[in-house]
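In what follows, a structure is listed as structure tokens, so that the remarks can point back to it.
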Amino acid sequence: MGTFCSVIKFENLQELKRLCHWGPIIALGVIAICSTMAMIDSVLWYWPLHTTGGSVNFIMLINWTVMILYNYFNAMFIGPGFVPLGWKPEDSQDSMYLQYCKVCQAYKAPRSHHCRKCNRCVMKMDHHCPWINNCCGYQNHASFTLFLLLAPLGCIHAAFIFVMTMYTQLYNRLSFGWNTVKIDMSAARRDPLPIIPFGLAAFAATLFALGLALGTTIAVGMLFFIQMKIILGNKTSIESWIEEKAKDRIQYYQLDEVFVFPYDMGSRWKNFKQVFTWSGVPEGDGLTWPVREGCHQYSLTIEQLKQKADKRIRSVRYRVIEDYSGACCPLNKGIKTFFTSPCTEEPRIRLQKGEFILATRGLRYWLYGDKILDDAFVEGVSRIRGWFPRNCVEKCPCDAETDQVPEGEKKNR
């Protein structure tokens, strides 16, 4: 109930401006179209007042819509939770392990990162999602993930209703000739006549809604599985990239150490409970976190500082081996690349074979970095920044020639 009240009582009415963005407009438009057409078609296919099955079907449709909108608005308006302005650790000596944010005039708490869109340091930041026009983080991670689960389930139910409605409405309207198939859309050949007429416009609207429902099921379903994978590891998308770079750093310098992700509780169930709770309030306060044995509160932030100090890890050089048009969801780069396109407003960059890229972070099938417009790898030269498919590039072979580390230095590091 407290969560519901927090949705109604906005701390700042400026939060309503989040609705005035292309992401929420499209998302709410898809929800409205699919829900409305599903309810109309359910009246045509399975009139809810005649049978118990029809009533259950109609109630389930309303239930899907309410739960989807509830979790969607929770994720949007409750937000991820922000690090308090001017925050610093209780023990002043711990500040040596933390990065300082000049914008927020505060230290970045463990697992927090600064979002350029929200212009605040976000607690346990996963990513900035344009569909909710807000960040996904500590406070709204559970609501956001539930929305990703419920939306495909509701769309599957709606798609079934669309298919059955078109089948039952068209079945008695089809007439077959020797070489032709005719559909009579002028009147229904059924007794009694339907309460809502099913004409050509209704057929086109149902077909359009079916396409939206199937597309949403596939796209949002993929995002749900990605989110569940990182939740069961008690990670975020950003922390997965930090972990990947940590292993790369250890392998490159041949260090006698093993990177252990500090927030993995050792079992998927314990990790799951860090995000999903019966009360709806996530574990902890968003500033301090339970860690596994052998690690401490600042293990991950120390690794971040090491990577920041290491120029080679901070930006990995890649060479473009395949042209890329800059499309948001490229069909010609593989089905996995298409469906795992980053859900962000950050731009894509066009690539041409032979160019060079400095990648600073990435996902399994996508990388984010700077395209150097100059032939020389020099700090400060003009760059174009954005996302690009990982299968379009390869690690620059010059790393093996120009970035060799002396044997003694490897041991020292």
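Identifiers in this document derive from the order of the structure tokens: chains are assigned A, B, ..., residues are numbered from 1 separately in each chain, and ligands are numbered from 1 in order of occurrence.
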
To test your reading of the structure, identify every residue in region 98-164 of chain A that backbone DSSP assigns to strand (DSSP E or B), and report it as a VMD selection string.
chain A and resid 100 to 101 106 to 107 113 to 115 120 to 122 127 to 129 134 to 136

Would you output that residue set with all heavy atoms, as a compact mmCIF listing (two decimals), in the first residue's frame?
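Written out: part.txt:
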# COMPACT_ATOMS: atom_id res chain seq x y z
N TYR A 100 34.76 10.60 -6.89
CA TYR A 100 34.03 11.81 -6.53
C TYR A 100 33.30 12.35 -7.75
O TYR A 100 33.87 12.47 -8.83
CB TYR A 100 34.98 12.86 -5.98
CG TYR A 100 34.29 14.09 -5.43
CD1 TYR A 100 33.69 14.06 -4.18
CD2 TYR A 100 34.23 15.26 -6.18
CE1 TYR A 100 33.04 15.18 -3.67
CE2 TYR A 100 33.59 16.39 -5.68
CZ TYR A 100 33.00 16.35 -4.42
OH TYR A 100 32.36 17.45 -3.93
N CYS A 101 32.01 12.66 -7.58
CA CYS A 101 31.21 13.22 -8.66
C CYS A 101 31.17 14.74 -8.52
O CYS A 101 30.62 15.26 -7.54
CB CYS A 101 29.79 12.64 -8.64
SG CYS A 101 28.72 13.32 -9.92
N ALA A 106 29.40 14.98 -4.51
CA ALA A 106 29.31 13.89 -3.55
C ALA A 106 30.17 12.73 -4.03
O ALA A 106 30.53 12.63 -5.21
CB ALA A 106 27.87 13.43 -3.38
N TYR A 107 30.50 11.85 -3.09
CA TYR A 107 31.20 10.62 -3.45
C TYR A 107 30.20 9.63 -4.02
O TYR A 107 29.02 9.60 -3.62
CB TYR A 107 31.91 10.01 -2.23
CG TYR A 107 33.15 10.77 -1.82
CD1 TYR A 107 33.10 11.74 -0.83
CD2 TYR A 107 34.36 10.51 -2.44
CE1 TYR A 107 34.24 12.44 -0.47
CE2 TYR A 107 35.52 11.20 -2.08
CZ TYR A 107 35.44 12.16 -1.10
OH TYR A 107 36.56 12.86 -0.75
N HIS A 113 26.41 4.99 -10.04
CA HIS A 113 27.04 5.62 -11.21
C HIS A 113 26.25 6.87 -11.57
O HIS A 113 25.05 6.96 -11.30
CB HIS A 113 27.08 4.65 -12.40
CG HIS A 113 27.81 3.38 -12.13
ND1 HIS A 113 29.17 3.24 -12.27
CD2 HIS A 113 27.36 2.18 -11.66
CE1 HIS A 113 29.54 2.01 -11.94
NE2 HIS A 113 28.45 1.35 -11.57
N HIS A 114 26.93 7.81 -12.19
CA HIS A 114 26.27 9.05 -12.58
C HIS A 114 25.58 8.88 -13.93
O HIS A 114 26.17 8.38 -14.89
CB HIS A 114 27.28 10.20 -12.67
CG HIS A 114 26.64 11.54 -12.90
ND1 HIS A 114 26.11 12.30 -11.88
CD2 HIS A 114 26.42 12.23 -14.04
CE1 HIS A 114 25.60 13.41 -12.37
NE2 HIS A 114 25.77 13.39 -13.69
N CYS A 115 24.31 9.29 -13.99
CA CYS A 115 23.54 9.22 -15.23
C CYS A 115 23.48 10.61 -15.84
O CYS A 115 23.01 11.56 -15.20
CB CYS A 115 22.13 8.69 -14.95
SG CYS A 115 21.06 8.73 -16.41
N ARG A 120 22.07 12.86 -12.09
CA ARG A 120 22.27 12.48 -10.68
C ARG A 120 23.02 11.16 -10.62
O ARG A 120 23.02 10.38 -11.58
CB ARG A 120 20.92 12.32 -9.97
CG ARG A 120 20.18 13.61 -9.68
CD ARG A 120 20.84 14.43 -8.59
NE ARG A 120 20.89 13.71 -7.32
CZ ARG A 120 19.91 13.69 -6.42
NH1 ARG A 120 18.78 14.36 -6.67
NH2 ARG A 120 20.05 13.03 -5.29
N CYS A 121 23.63 10.90 -9.48
CA CYS A 121 24.26 9.60 -9.23
C CYS A 121 23.17 8.62 -8.79
O CYS A 121 22.45 8.88 -7.82
CB CYS A 121 25.34 9.72 -8.16
SG CYS A 121 26.84 10.53 -8.74
N VAL A 122 23.05 7.52 -9.52
CA VAL A 122 21.95 6.57 -9.33
C VAL A 122 22.44 5.38 -8.51
O VAL A 122 23.49 4.81 -8.79
CB VAL A 122 21.42 6.08 -10.69
CG1 VAL A 122 20.33 5.04 -10.50
CG2 VAL A 122 20.90 7.26 -11.50
N HIS A 127 20.84 0.72 -16.01
CA HIS A 127 20.87 1.45 -17.27
C HIS A 127 19.79 2.52 -17.26
O HIS A 127 18.90 2.50 -16.40
CB HIS A 127 20.65 0.51 -18.46
CG HIS A 127 19.26 -0.06 -18.53
ND1 HIS A 127 18.81 -1.04 -17.66
CD2 HIS A 127 18.22 0.21 -19.35
CE1 HIS A 127 17.56 -1.35 -17.95
NE2 HIS A 127 17.16 -0.60 -18.97
N HIS A 128 19.88 3.46 -18.17
CA HIS A 128 18.82 4.45 -18.35
C HIS A 128 17.91 3.94 -19.46
O HIS A 128 18.33 3.75 -20.60
CB HIS A 128 19.40 5.82 -18.71
CG HIS A 128 18.34 6.88 -18.80
ND1 HIS A 128 17.99 7.67 -17.73
CD2 HIS A 128 17.55 7.28 -19.84
CE1 HIS A 128 17.02 8.52 -18.10
NE2 HIS A 128 16.74 8.29 -19.37
N CYS A 129 16.64 3.72 -19.12
CA CYS A 129 15.70 3.13 -20.07
C CYS A 129 14.81 4.21 -20.67
O CYS A 129 14.08 4.90 -19.95
CB CYS A 129 14.82 2.09 -19.36
SG CYS A 129 13.59 1.34 -20.43
N ASN A 134 13.44 6.95 -17.46
CA ASN A 134 14.06 7.00 -16.13
C ASN A 134 15.12 5.91 -16.06
O ASN A 134 15.20 5.06 -16.94
CB ASN A 134 13.01 6.80 -15.03
CG ASN A 134 13.41 7.46 -13.73
OD1 ASN A 134 14.59 7.74 -13.50
ND2 ASN A 134 12.43 7.73 -12.88
N CYS A 135 15.91 5.96 -15.02
CA CYS A 135 16.92 4.92 -14.82
C CYS A 135 16.30 3.69 -14.17
O CYS A 135 15.32 3.78 -13.44
CB CYS A 135 18.06 5.44 -13.95
SG CYS A 135 19.30 6.37 -14.86
N CYS A 136 16.90 2.55 -14.43
CA CYS A 136 16.57 1.31 -13.73
C CYS A 136 17.68 1.08 -12.71
O CYS A 136 18.85 1.02 -13.07
CB CYS A 136 16.49 0.14 -14.71
SG CYS A 136 16.26 -1.47 -13.93

Run DSSP on the backbone and grab whatever in region 49-178 of chain A lands in alpha helix (DSSP H); send it over as a PyMOL selection string.
chain A and resi 52-73+141-171

Applying 8 Å and only C-alpha atoms, which residues near region 77-81 of chain A remain after dropping the ones on its own chain fewer than 5 positions away? List them as an MDAnalysis selection string.
chainID A and resid 6:7 10 15 122:125 134:141 286

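As for CA of Gly326 (chain A) and CA of Pro347 (chain A), they are spaced 8.4 Å apart.
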
Contact residues around Trp131 (chain A) with only C-alpha atoms at 7 Å, ignoring same-chain residues under 4 positions, as an NGL selection string:
:A and (23-24 or 27)
